[in-house]
file data27.cif (mmCIF, C-alpha atoms)
data_entry
loop_
_atom_site.label_atom_id
_atom_site.label_comp_id
_atom_site.auth_asym_id
_atom_site.auth_seq_id
_atom_site.Cartn_x
_atom_site.Cartn_y
_atom_site.Cartn_z
CA LYS A 11 -117.71 192.48 -61.67
CA VAL A 12 -118.48 193.87 -58.21
CA SER A 13 -117.20 197.35 -57.37
CA THR A 14 -115.26 197.84 -54.17
CA ASP A 15 -118.11 200.09 -52.95
CA GLU A 16 -120.55 197.17 -53.10
CA THR A 17 -118.51 194.60 -51.20
CA ARG A 18 -119.53 193.57 -47.68
CA ILE A 19 -116.77 192.27 -45.42
CA PHE A 20 -117.45 191.46 -41.78
CA MET A 21 -114.60 191.72 -39.29
CA TYR A 22 -115.18 190.64 -35.72
CA THR A 23 -113.86 192.46 -32.69
CA SER A 24 -114.25 191.74 -29.01
CA GLY A 25 -113.88 195.39 -27.99
CA SER A 26 -114.03 195.78 -24.22
CA THR A 27 -116.72 193.14 -23.68
CA GLY A 28 -114.91 189.97 -24.75
CA LYS A 29 -117.94 189.02 -26.90
CA PRO A 30 -117.57 188.94 -30.73
CA LYS A 31 -119.09 191.95 -32.50
CA ALA A 32 -119.43 192.16 -36.27
CA VAL A 33 -118.05 195.28 -37.96
CA LEU A 34 -119.11 195.83 -41.56
CA GLN A 35 -116.33 196.93 -43.91
CA ARG A 36 -115.94 197.31 -47.68
CA MET A 37 -112.97 196.52 -49.88
CA LYS A 38 -112.90 200.25 -50.65
CA GLU A 39 -111.86 201.05 -47.05
CA PHE A 40 -109.11 198.42 -47.17
CA GLU A 41 -107.78 199.77 -50.47
CA ASN A 42 -107.82 203.35 -49.19
CA ASP A 43 -105.99 202.27 -46.04
CA ASN A 44 -103.23 200.57 -48.05
CA LYS A 45 -102.87 203.56 -50.36
CA PHE A 46 -102.46 205.91 -47.43
CA ILE A 47 -99.91 203.74 -45.63
CA MET A 48 -97.89 203.50 -48.84
CA SER A 49 -98.13 207.27 -49.33
CA MET A 50 -96.30 207.68 -46.00
CA TRP A 51 -93.75 204.87 -46.04
CA SER A 52 -93.60 203.52 -49.62
CA SER A 53 -89.87 204.20 -50.07
CA GLU A 54 -89.11 202.29 -46.86
CA PHE A 55 -91.44 199.39 -47.72
CA TRP A 56 -89.92 198.97 -51.20
CA LYS A 57 -86.43 198.70 -49.70
CA ARG A 58 -87.41 195.57 -47.78
CA LYS A 59 -89.32 192.32 -47.84
CA ILE A 60 -92.20 191.87 -45.41
CA CYS A 61 -92.52 189.27 -42.69
CA SER A 62 -95.29 189.05 -40.11
CA CYS A 63 -95.85 187.81 -36.57
CA VAL A 64 -99.57 188.67 -36.76
CA ASN A 65 -102.45 186.36 -37.64
CA GLN A 66 -104.15 187.49 -40.85
CA HIS A 67 -107.58 187.00 -39.21
CA HIS A 68 -106.97 190.30 -37.43
CA ILE A 69 -107.55 193.44 -39.53
CA TYR A 70 -104.03 194.73 -38.81
CA GLY A 71 -102.47 191.41 -39.83
CA LEU A 72 -104.66 191.22 -42.95
CA LEU A 73 -103.90 194.76 -44.10
CA PHE A 74 -100.17 194.97 -43.35
CA SER A 75 -99.13 191.33 -43.82
CA VAL A 76 -101.20 190.27 -46.86
CA MET A 77 -103.15 192.98 -48.68
CA LEU A 78 -100.47 195.69 -48.64
CA PRO A 79 -97.63 193.55 -50.08
CA PHE A 80 -99.99 192.10 -52.72
CA ALA A 81 -101.22 195.55 -53.75
CA ALA A 82 -97.75 197.13 -53.77
CA GLY A 83 -95.90 194.18 -55.29
CA ILE A 84 -93.62 193.74 -52.28
CA PRO A 85 -92.16 190.25 -51.64
CA PHE A 86 -93.29 188.79 -48.33
CA ARG A 87 -92.43 185.77 -46.24
CA ARG A 88 -95.15 183.16 -46.66
CA SER A 89 -94.71 181.62 -43.20
CA ARG A 90 -95.70 183.65 -40.15
CA ILE A 91 -93.10 184.11 -37.40
CA ILE A 92 -94.33 181.98 -34.48
CA PHE A 93 -91.32 181.96 -32.15
CA PRO A 94 -88.93 184.86 -31.44
CA ALA A 95 -85.91 182.67 -32.24
CA GLU A 96 -87.10 182.61 -35.89
CA PHE A 97 -85.85 186.17 -36.28
CA ARG A 98 -82.42 184.56 -36.64
CA ASP A 99 -83.54 183.26 -40.05
CA LEU A 100 -84.04 186.79 -41.45
CA THR A 101 -80.45 187.23 -42.64
CA ASP A 102 -80.94 186.97 -46.41
CA ASP A 103 -82.31 190.50 -46.88
CA SER A 104 -83.79 193.55 -45.16
CA TYR A 105 -87.26 193.07 -43.70
CA THR A 106 -90.23 195.10 -42.54
CA ILE A 107 -91.50 193.19 -39.51
CA ILE A 108 -95.22 193.35 -38.72
CA ALA A 109 -95.62 192.65 -34.98
CA VAL A 110 -97.83 193.20 -31.95
CA PRO A 111 -96.66 194.49 -28.55
CA ALA A 112 -97.23 191.12 -26.87
CA PHE A 113 -94.88 189.40 -29.33
CA LEU A 114 -92.17 192.02 -28.94
CA LYS A 115 -92.47 191.75 -25.15
CA ARG A 116 -92.14 187.98 -25.42
CA THR A 117 -89.08 188.40 -27.66
CA ILE A 118 -87.41 190.60 -25.04
CA GLU A 119 -88.27 188.25 -22.19
CA GLU A 120 -86.94 185.12 -23.93
CA ASP A 121 -83.49 186.74 -23.92
CA CYS A 122 -82.42 185.36 -27.31
CA GLY A 123 -79.56 187.83 -27.53
CA LYS A 124 -79.04 190.40 -30.29
CA PHE A 125 -80.45 189.54 -33.71
CA ASP A 126 -78.30 190.19 -36.76
CA LEU A 127 -80.99 191.91 -38.83
CA LYS A 128 -80.11 194.02 -41.85
CA ASN A 129 -81.61 197.51 -41.60
CA PRO A 130 -85.03 196.34 -40.36
CA MET A 131 -88.21 198.37 -39.95
CA ILE A 132 -90.79 197.30 -37.35
CA PHE A 133 -94.48 198.16 -37.16
CA THR A 134 -96.64 197.27 -34.19
CA SER A 135 -100.32 197.70 -33.37
CA GLY A 136 -103.14 196.08 -31.43
CA GLY A 137 -102.14 197.13 -27.91
CA VAL A 138 -99.91 199.29 -25.75
CA LEU A 139 -96.16 199.10 -26.36
CA THR A 140 -94.34 200.59 -23.38
CA PRO A 141 -91.31 202.80 -24.10
CA GLU A 142 -89.20 200.33 -22.07
CA ILE A 143 -90.09 197.44 -24.40
CA ALA A 144 -89.64 199.69 -27.45
CA GLU A 145 -86.15 200.65 -26.27
CA LYS A 146 -85.16 197.03 -25.63
CA THR A 147 -86.53 196.09 -29.07
CA ASP A 148 -84.27 198.68 -30.61
CA LYS A 149 -81.26 197.27 -28.73
CA ILE A 150 -81.73 193.67 -29.81
CA MET A 151 -83.40 194.11 -33.23
CA GLY A 152 -81.96 197.43 -34.41
CA PHE A 153 -85.15 199.50 -34.84
CA TRP A 154 -87.38 201.48 -32.49
CA PRO A 155 -90.89 200.28 -33.48
CA ILE A 156 -93.40 202.52 -35.23
CA GLU A 157 -96.71 202.14 -33.40
CA VAL A 158 -100.00 202.43 -35.27
CA TYR A 159 -103.07 203.35 -33.24
CA GLY A 160 -106.40 202.17 -34.57
CA SER A 161 -109.14 199.61 -34.27
CA THR A 162 -111.28 197.27 -36.35
CA GLU A 163 -113.99 199.95 -36.48
CA THR A 164 -111.68 202.83 -37.50
CA SER A 165 -108.59 201.28 -39.13
CA GLY A 166 -105.45 203.43 -38.76
CA ILE A 167 -105.81 206.71 -36.85
CA ALA A 168 -102.35 207.85 -35.75
CA TYR A 169 -98.74 206.78 -35.27
CA ARG A 170 -95.73 207.40 -33.02
CA GLN A 171 -92.21 206.29 -32.17
CA SER A 172 -92.06 206.61 -28.41
CA LYS A 173 -88.39 207.62 -28.46
CA ASN A 174 -89.72 210.96 -29.74
CA GLY A 175 -92.40 211.25 -27.03
CA LEU A 176 -95.65 209.58 -26.03
CA GLU A 177 -97.82 211.84 -28.18
CA TRP A 178 -99.63 210.35 -31.18
CA THR A 179 -99.58 212.11 -34.56
CA PRO A 180 -102.90 211.72 -36.43
CA PHE A 181 -102.72 210.53 -39.99
CA ALA A 182 -103.40 213.38 -42.41
CA ASN A 183 -106.72 211.85 -43.47
CA ALA A 184 -108.02 211.52 -39.90
CA GLU A 185 -109.97 214.31 -38.20
CA ILE A 186 -109.99 213.98 -34.42
CA SER A 187 -111.99 215.66 -31.68
CA ARG A 188 -113.11 215.00 -28.12
CA ASN A 189 -116.67 214.38 -26.96
CA ALA A 190 -118.31 215.57 -23.77
CA ASP A 191 -117.04 212.53 -21.89
CA GLY A 192 -113.44 213.28 -22.87
CA CYS A 193 -113.25 210.39 -25.37
CA LEU A 194 -111.64 210.50 -28.80
CA VAL A 195 -113.91 210.90 -31.83
CA ILE A 196 -112.59 210.08 -35.31
CA LYS A 197 -113.75 210.97 -38.80
CA SER A 198 -111.85 209.42 -41.70
CA PRO A 199 -112.35 207.88 -45.16
CA TYR A 200 -112.46 204.45 -43.49
CA ILE A 201 -115.56 205.31 -41.45
CA SER A 202 -118.76 205.30 -43.49
CA ASP A 203 -120.81 207.14 -40.85
CA PRO A 204 -120.41 210.90 -41.53
CA ALA A 205 -120.77 211.57 -37.80
CA GLY A 206 -117.57 209.60 -37.24
CA PHE A 207 -116.82 207.00 -34.60
CA GLU A 208 -116.74 207.61 -30.84
CA THR A 209 -114.10 205.52 -29.10
CA ALA A 210 -113.89 204.64 -25.39
CA ASP A 211 -110.36 206.09 -25.23
CA LEU A 212 -109.91 209.11 -22.98
CA VAL A 213 -107.74 211.69 -24.70
CA GLU A 214 -105.89 214.96 -24.26
CA ILE A 215 -105.54 216.86 -27.55
CA HIS A 216 -102.66 219.33 -27.87
CA GLU A 217 -102.73 222.59 -29.81
CA ASP A 218 -100.52 221.14 -32.56
CA GLY A 219 -103.08 218.38 -33.20
CA ARG A 220 -101.16 215.56 -31.54
CA PHE A 221 -102.79 213.77 -28.66
CA LEU A 222 -102.11 211.69 -25.56
CA LEU A 223 -104.17 208.66 -24.62
CA LYS A 224 -105.22 208.79 -20.97
CA GLY A 225 -106.79 205.37 -20.54
CA ARG A 226 -110.25 204.09 -21.33
CA SER A 227 -113.56 205.41 -20.10
CA ASP A 228 -114.64 201.85 -19.34
CA SER A 229 -111.65 201.60 -17.00
CA ILE A 230 -113.21 204.24 -14.73
CA VAL A 231 -115.38 202.62 -12.08
CA LYS A 232 -117.17 203.92 -9.01
CA ILE A 233 -116.42 202.11 -5.76
CA GLU A 234 -118.68 203.33 -2.94
CA GLU A 235 -119.02 206.75 -4.59
CA LYS A 236 -115.27 207.00 -5.27
CA ARG A 237 -114.27 207.20 -8.95
CA ILE A 238 -111.12 205.22 -9.65
CA SER A 239 -109.22 204.22 -12.79
CA VAL A 240 -108.32 200.54 -12.80
CA THR A 241 -105.51 201.45 -15.21
CA GLU A 242 -104.04 203.73 -12.55
CA VAL A 243 -104.17 200.91 -9.98
CA GLU A 244 -102.43 198.59 -12.46
CA ASN A 245 -99.76 201.18 -13.16
CA ARG A 246 -99.04 201.56 -9.44
CA LEU A 247 -98.78 197.79 -9.02
CA ASN A 248 -96.48 197.52 -12.03
CA GLN A 249 -94.16 200.12 -10.51
CA SER A 250 -93.39 197.71 -7.68
CA PRO A 251 -90.09 195.86 -8.20
CA TYR A 252 -91.95 192.70 -7.15
CA VAL A 253 -94.52 192.88 -9.98
CA LYS A 254 -93.95 191.94 -13.61
CA ASP A 255 -97.52 192.50 -14.80
CA SER A 256 -101.00 192.95 -13.37
CA CYS A 257 -104.63 193.26 -14.34
CA VAL A 258 -107.26 194.95 -12.19
CA ILE A 259 -110.96 194.57 -12.96
CA ALA A 260 -114.22 195.49 -11.27
CA MET A 261 -116.48 192.77 -9.89
CA SER A 262 -119.85 193.09 -8.21
CA ASP A 263 -122.19 191.11 -6.04
CA ARG A 264 -123.76 193.09 -3.21
CA ARG A 265 -121.68 196.07 -4.32
CA GLN A 266 -118.87 196.79 -6.78
CA TYR A 267 -115.27 196.15 -5.80
CA LEU A 268 -111.86 195.67 -7.40
CA VAL A 269 -109.87 192.46 -7.81
CA ALA A 270 -106.27 192.08 -8.96
CA ALA A 271 -104.42 189.36 -10.86
CA VAL A 272 -100.65 189.75 -10.38
CA VAL A 273 -97.65 188.20 -12.12
CA LEU A 274 -94.65 188.35 -9.82
CA SER A 275 -91.27 189.52 -11.11
CA PRO A 276 -88.21 187.34 -10.43
CA ALA A 277 -87.53 189.56 -7.41
CA GLY A 278 -91.11 189.07 -6.27
CA ALA A 279 -90.96 185.30 -6.71
CA GLU A 280 -87.80 185.25 -4.58
CA LYS A 281 -89.24 187.54 -1.91
CA PHE A 282 -92.50 185.63 -1.50
CA ALA A 283 -91.19 182.08 -1.89
CA GLY A 284 -92.96 179.99 0.75
CA THR A 285 -95.07 182.94 1.93
CA GLU A 286 -98.72 182.35 2.83
CA LYS A 287 -101.07 183.89 0.26
CA TYR A 288 -102.92 186.03 2.81
CA LEU A 289 -99.59 187.67 3.73
CA MET A 290 -98.93 188.40 0.04
CA ASN A 291 -102.41 189.92 -0.23
CA GLN A 292 -101.68 192.03 2.83
CA PHE A 293 -98.31 193.19 1.47
CA PHE A 294 -99.76 194.49 -1.81
CA ARG A 295 -102.79 196.04 -0.11
CA ASN A 296 -100.42 197.94 2.20
CA TYR A 297 -98.33 198.96 -0.81
CA LEU A 298 -101.36 200.37 -2.67
CA ALA A 299 -102.59 202.06 0.51
CA GLY A 300 -99.78 204.56 -0.03
CA PHE A 301 -101.58 205.77 -3.18
CA PHE A 302 -105.31 205.07 -2.78
CA GLU A 303 -108.07 205.23 -0.20
CA ALA A 304 -108.76 201.97 1.61
CA VAL A 305 -112.25 201.62 0.14
CA VAL A 306 -110.91 201.20 -3.42
CA LEU A 307 -108.12 198.72 -2.67
CA PRO A 308 -108.57 195.33 -4.39
CA ARG A 309 -110.49 192.94 -2.16
CA LYS A 310 -109.38 189.74 -3.88
CA TRP A 311 -106.00 188.75 -5.27
CA ARG A 312 -104.72 186.02 -7.56
CA PHE A 313 -101.03 185.37 -8.22
CA VAL A 314 -100.67 183.83 -11.67
CA ASP A 315 -97.93 182.83 -14.10
CA ALA A 316 -99.30 185.09 -16.85
CA ILE A 317 -102.24 187.39 -17.52
CA PRO A 318 -104.60 185.59 -19.98
CA GLN A 319 -104.29 187.13 -23.45
CA ASN A 320 -105.42 186.35 -26.99
CA ALA A 321 -103.08 186.08 -29.98
CA MET A 322 -103.08 189.87 -30.41
CA GLY A 323 -102.05 190.47 -26.82
CA LYS A 324 -105.51 191.73 -25.79
CA ARG A 325 -106.40 190.74 -22.26
CA LYS A 326 -109.13 188.13 -21.99
CA LYS A 327 -111.31 189.77 -19.39
CA ASP A 328 -113.70 186.82 -19.13
CA ASP A 329 -110.81 184.47 -18.33
CA ILE A 330 -109.46 186.93 -15.76
CA ARG A 331 -112.90 187.31 -14.20
CA ALA A 332 -113.20 183.52 -14.02
CA LEU A 333 -110.14 183.48 -11.75
CA PHE A 334 -112.28 185.16 -9.10
CA GLU A 335 -115.60 183.44 -9.66
CA ASN A 336 -116.61 180.21 -7.98
CA THR A 337 -113.77 180.69 -5.52
CA VAL A 338 -113.48 181.10 -1.78
CA GLU A 339 -111.01 183.58 -0.37
CA SER A 340 -108.27 182.15 1.84
CA ILE A 341 -108.88 182.31 5.59
CA HIS A 342 -105.87 182.58 7.89
CA GLY A 343 -103.67 181.31 5.07
CA ILE A 344 -105.90 178.32 4.26
CA ASP A 345 -106.60 178.00 0.51
CA PHE A 346 -109.87 176.42 -0.56
CA LYS A 347 -110.68 174.56 -3.78
CA VAL A 348 -114.35 174.72 -4.76
CA LYS A 349 -115.72 171.27 -5.64
CA GLU A 350 -119.41 172.16 -5.96
CA LEU A 351 -121.31 175.42 -5.89
CA ASP A 352 -124.91 176.46 -6.40
CA ALA A 353 -127.26 179.03 -4.89
CA ASP A 354 -127.76 177.15 -1.61
CA LYS A 355 -124.79 174.82 -1.33
CA VAL A 356 -121.00 174.95 -1.47
CA SER A 357 -118.45 172.17 -1.08
CA VAL A 358 -114.74 172.92 -0.69
CA GLU A 359 -111.53 170.94 -0.26
CA PHE A 360 -108.62 172.12 1.86
CA ALA A 361 -105.93 171.13 4.34
CA VAL A 362 -104.76 173.16 7.33
CA SER A 363 -100.98 173.55 7.60
CA LYS A 364 -99.46 172.86 11.00
CA GLU A 365 -98.05 176.42 10.86
CA CYS A 366 -101.57 177.92 10.74
CA ASP A 367 -102.21 180.26 13.65
CA PHE A 368 -105.48 178.42 14.36
CA PHE A 369 -103.32 175.94 16.26
CA ASP A 370 -101.59 178.54 18.44
CA GLY A 371 -102.37 178.03 22.13
CA HIS A 372 -104.36 174.87 21.52
CA PHE A 373 -103.43 171.27 22.27
CA PRO A 374 -99.59 171.56 22.39
CA VAL A 375 -98.97 167.77 22.51
CA GLN A 376 -101.09 166.84 19.48
CA LYS A 377 -102.35 169.67 17.30
CA PHE A 378 -105.84 169.46 15.87
CA LEU A 379 -108.25 172.04 14.53
CA PRO A 380 -110.20 173.58 17.44
CA ALA A 381 -113.99 173.69 17.39
CA VAL A 382 -113.97 177.49 17.40
CA ALA A 383 -111.75 177.49 14.28
CA GLN A 384 -114.01 175.03 12.48
CA PHE A 385 -117.01 177.21 13.25
CA HIS A 386 -115.13 180.37 12.15
CA ILE A 387 -114.29 178.79 8.77
CA VAL A 388 -117.93 177.84 8.18
CA VAL A 389 -119.17 181.34 9.04
CA LYS A 390 -116.63 183.11 6.81
CA ILE A 391 -117.28 180.86 3.82
CA ALA A 392 -121.06 181.17 4.27
CA GLU A 393 -120.73 184.97 4.31
CA GLN A 394 -118.74 184.91 1.06
CA ILE A 395 -120.86 182.43 -0.88
CA PHE A 396 -124.39 183.13 0.35
CA LYS A 397 -123.91 186.91 0.59
CA VAL A 398 -125.02 187.09 4.21
CA SER A 399 -123.59 188.91 7.19
CA ILE A 400 -123.35 186.75 10.31
CA PRO A 401 -122.37 188.97 13.24
CA ASN A 402 -124.48 186.82 15.57
CA VAL A 403 -125.56 183.19 15.41
CA GLU A 404 -128.01 180.98 17.24
CA THR A 405 -126.43 177.55 17.52
CA LYS A 406 -128.86 174.65 17.21
CA ARG A 407 -126.60 171.56 17.03
CA ILE A 408 -122.90 170.75 16.73
CA LYS A 409 -121.41 167.27 16.87
CA PHE A 410 -117.68 166.44 16.85
CA SER A 411 -116.85 162.86 15.86
CA SER A 412 -113.13 162.90 15.04
CA PRO A 413 -110.28 165.45 15.25
CA ILE A 414 -109.01 167.28 12.15
CA LEU A 415 -105.22 166.93 12.19
CA PRO A 416 -102.72 169.23 10.45
CA ASP A 417 -102.16 168.69 6.71
CA VAL A 418 -105.06 166.22 6.44
CA GLY A 419 -107.36 166.62 3.44
CA VAL A 420 -110.81 167.90 4.42
CA VAL A 421 -114.07 168.25 2.49
CA LEU A 422 -116.40 170.88 3.96
CA THR A 423 -119.99 171.10 2.72
CA ILE A 424 -122.22 174.02 3.73
CA LYS A 425 -125.95 174.23 2.92
CA ARG A 426 -128.35 177.10 3.36
CA ASP A 427 -132.12 176.89 3.90
CA GLY A 428 -133.37 180.40 4.60
CA ASP A 429 -131.68 181.55 7.81
CA LYS A 430 -130.62 177.99 8.68
CA ILE A 431 -127.07 177.01 7.74
CA SER A 432 -125.85 173.43 8.15
CA PHE A 433 -122.35 172.08 7.64
CA ASP A 434 -120.34 168.89 7.77
CA TYR A 435 -116.60 168.22 7.74
CA LYS A 436 -115.48 164.89 6.21
CA ASP A 437 -112.29 163.35 4.89
CA ALA A 438 -111.84 162.29 1.25
CA ASP A 439 -113.33 158.86 2.01
CA GLY A 440 -116.44 160.31 3.61
CA LYS A 441 -115.46 159.78 7.25
CA GLU A 442 -117.12 162.43 9.38
CA PHE A 443 -115.12 164.89 11.46
CA SER A 444 -117.95 167.13 12.63
CA LYS A 445 -121.30 168.57 11.65
CA GLY A 446 -123.71 171.19 12.88
CA THR A 447 -126.52 173.65 12.30
CA PHE A 448 -126.95 177.28 13.24
CA PHE A 449 -129.11 180.27 12.30
CA ALA A 450 -127.75 183.44 10.71
CA LYS A 451 -129.31 186.44 12.42
CA GLU A 452 -128.77 189.18 9.83
CA GLU A 453 -129.15 189.32 6.04
CA LEU A 454 -127.25 191.83 3.92
#
call {"tool": "encode", "arguments": {"input": "data27.cif", "output": "structure tokens"}}
result
Amino acid sequence: KVSTDETRIFMYTSGSTGKPKAVLQRMKEFENDNKFIMSMWSSEFWKRKICSCVNQHHIYGLLFSVMLPFAAGIPFRRSRIIFPAEFRDLTDDSYTIIAVPAFLKRTIEEDCGKFDLKNPMIFTSGGVLTPEIAEKTDKIMGFWPIEVYGSTETSGIAYRQSKNGLEWTPFANAEISRNADGCLVIKSPYISDPAGFETADLVEIHEDGRFLLKGRSDSIVKIEEKRISVTEVENRLNQSPYVKDSCVIAMSDRRQYLVAAVVLSPAGAEKFAGTEKYLMNQFFRNYLAGFFEAVVLPRKWRFVDAIPQNAMGKRKKDDIRALFENTVESIHGIDFKVKELDADKVSVEFAVSKECDFFDGHFPVQKFLPAVAQFHIVVKIAEQIFKVSIPNVETKRIKFSSPILPDVGVVLTIKRDGDKISFDYKDADGKEFSKGTFFAKEEL
């Protein structure tokens, strides 16, 4: 027989990096966690059956959905809730519902109406539950969720019901403090290291022992010597009536800068229907300019249907970052699709709308893309991809074979050989529109 002190259980967490990291646990920590949770809410748990919306591969799902009901002898629903509409099936008895914020948010958004649940209790963990979603959950499900703050490394640390305030109340067996960087430090029976565990969560600790989370230290970035919280930028975006959700991250090539992925609200989708992307970028940059210095405003924007998340509602930063990699920013409303990209070559597909201002003042009888516009596109894409600044050029050769008409598919290939940059415009069948060579005069 192996004692619970001798067991070795590895849980994997992505943390803030998106890369799996093994966290060693023992059965002893899991047992202690269950005992403590039952010491706080046992009378409420025993009044109800348990059902879960959380995958048991996550420590929160494993502890609350499987181990706790087994240890306490509480009946639980064998099948996990996958779709919000399944809450309609929970009419036979009272249930404790184990959920995550992302699932509760989805339940609200699907507008399934009010659920006829009998005296439910709802726990949620694994992410931020806004008071607005908590209030709507109460209206349609009949309980304001109890939030549990913790992590794979620390297990449960504190709890709150946001209707009573945003402060977190530490569990009685958790000792909290703040390190020199302003981050929360936890000591508890679930942490084997006597020095405790230092989180990346910035915190404000009140005199009564409760605390407020103030964002993450890894959300603070320096943009050209200006410290900025990406969480603060997200919050400002989310306050716009035209934004449903957003994610701001830091990128870097020559220097660090911010990028923003935005999910439009229904009002936003209506306002920007048919609007060129560069005008949408400009609108939200102008909006944020009312709160932040110009140097920290997001340089790149993506408008998406949803922010990529995993099953626990954690944002998949690598997927979000991929939205901005291997891409070319729009130029005068022209969107480019990257076909091929390496260190010295890029190939993009695009079509120029007849409404593009490149056509203004040129060839009123039959519009076609002017030579100066073709050259401008090449220069701007070369600056983006090859990380060069081209304020001046020395033109060696340009040949125009056929006009580029509005809304015609174009394949542009640009190659770099030292200071020499060559390009060719072709159609999808390989017919040549134009080609040329010039020399960039300044390197960044």
call {"tool": "closest_residue", "arguments": {"input": "data27.cif", "among": "A:Ser357, A:Gln376, A:Thr209, A:Gln266", "to": "Ile238 in chain A", "atoms": "only C-alpha atoms"}}
result
A:Gln266
call {"tool": "closest_residue", "arguments": {"input": "data27.cif", "among": "A:Trp178, A:Phe360, A:Tyr252, A:Tyr105", "to": "His216 in chain A", "atoms": "all atoms listed in the file"}}
result
A:Trp178
call {"tool": "atom_distance", "arguments": {"input": "data27.cif", "atom1": "CA of Lys232 in chain A", "atom2": "CA of Arg265 in chain A"}}
result
10.2 Å
call {"tool": "residues_around", "arguments": {"input": "data27.cif", "residues": "Pro79 in chain A", "least_positions_apart": "4", "cutoff": "10 Å", "atoms": "only C-alpha atoms", "output": "JSON, numbers by chain"}}
result
{"A": [44, 55, 56, 59, 60, 61, 73, 74, 75, 83, 84, 85, 86]}
call {"tool": "resolve_selection", "arguments": {"input": "data27.cif", "expression": "the PyMOL selection byres ((chain A and resi 99) around 12)", "output": "MDAnalysis selection string"}}
result
chainID A and resid 61 87 89 91 93:98 100:105 125:128
call {"tool": "axis_aligned_box", "arguments": {"input": "data27.cif", "around": "range 99-105 of chain A", "padding_each_side": "8 Å", "output": "JSON"}}
result
{"center_x": -83.9, "center_y": 188.4, "center_z": -43.5, "size_x": 22.8, "size_y": 26.3, "size_z": 22.8}
call {"tool": "resolve_selection", "arguments": {"input": "data27.cif", "expression": "the PyMOL selection byres ((chain A and resi 338) around 10)", "output": "PDB file with C-alpha atoms, in the frame of the given file"}}
result
ATOM      1  CA  LYS A 310    -109.380 189.740  -3.880  1.00  0.00           C
ATOM      2  CA  PHE A 334    -112.280 185.160  -9.100  1.00  0.00           C
ATOM      3  CA  GLU A 335    -115.600 183.440  -9.660  1.00  0.00           C
ATOM      4  CA  ASN A 336    -116.610 180.210  -7.980  1.00  0.00           C
ATOM      5  CA  THR A 337    -113.770 180.690  -5.520  1.00  0.00           C
ATOM      6  CA  GLU A 339    -111.010 183.580  -0.370  1.00  0.00           C
ATOM      7  CA  SER A 340    -108.270 182.150   1.840  1.00  0.00           C
ATOM      8  CA  ILE A 341    -108.880 182.310   5.590  1.00  0.00           C
ATOM      9  CA  ASP A 345    -106.600 178.000   0.510  1.00  0.00           C
ATOM     10  CA  PHE A 346    -109.870 176.420  -0.560  1.00  0.00           C
ATOM     11  CA  LYS A 347    -110.680 174.560  -3.780  1.00  0.00           C
ATOM     12  CA  VAL A 348    -114.350 174.720  -4.760  1.00  0.00           C
ATOM     13  CA  VAL A 356    -121.000 174.950  -1.470  1.00  0.00           C
ATOM     14  CA  VAL A 358    -114.740 172.920  -0.690  1.00  0.00           C
ATOM     15  CA  LYS A 390    -116.630 183.110   6.810  1.00  0.00           C
ATOM     16  CA  ILE A 391    -117.280 180.860   3.820  1.00  0.00           C
ATOM     17  CA  ALA A 392    -121.060 181.170   4.270  1.00  0.00           C
ATOM     18  CA  GLN A 394    -118.740 184.910   1.060  1.00  0.00           C
ATOM     19  CA  ILE A 395    -120.860 182.430  -0.880  1.00  0.00           C
TER      20      ILE A 395
END
call {"tool": "atom_distance", "arguments": {"input": "data27.cif", "atom1": "CA of Phe181 in chain A", "atom2": "CA of Tyr169 in chain A"}}
result
7.2 Å
call {"tool": "resolve_selection", "arguments": {"input": "data27.cif", "expression": "the PyMOL selection byres ((chain A and resi 419) around 12)", "output": "PyMOL selection string"}}
result
chain A and resi 344-347+358-363+414-418+420-422+435-441+443
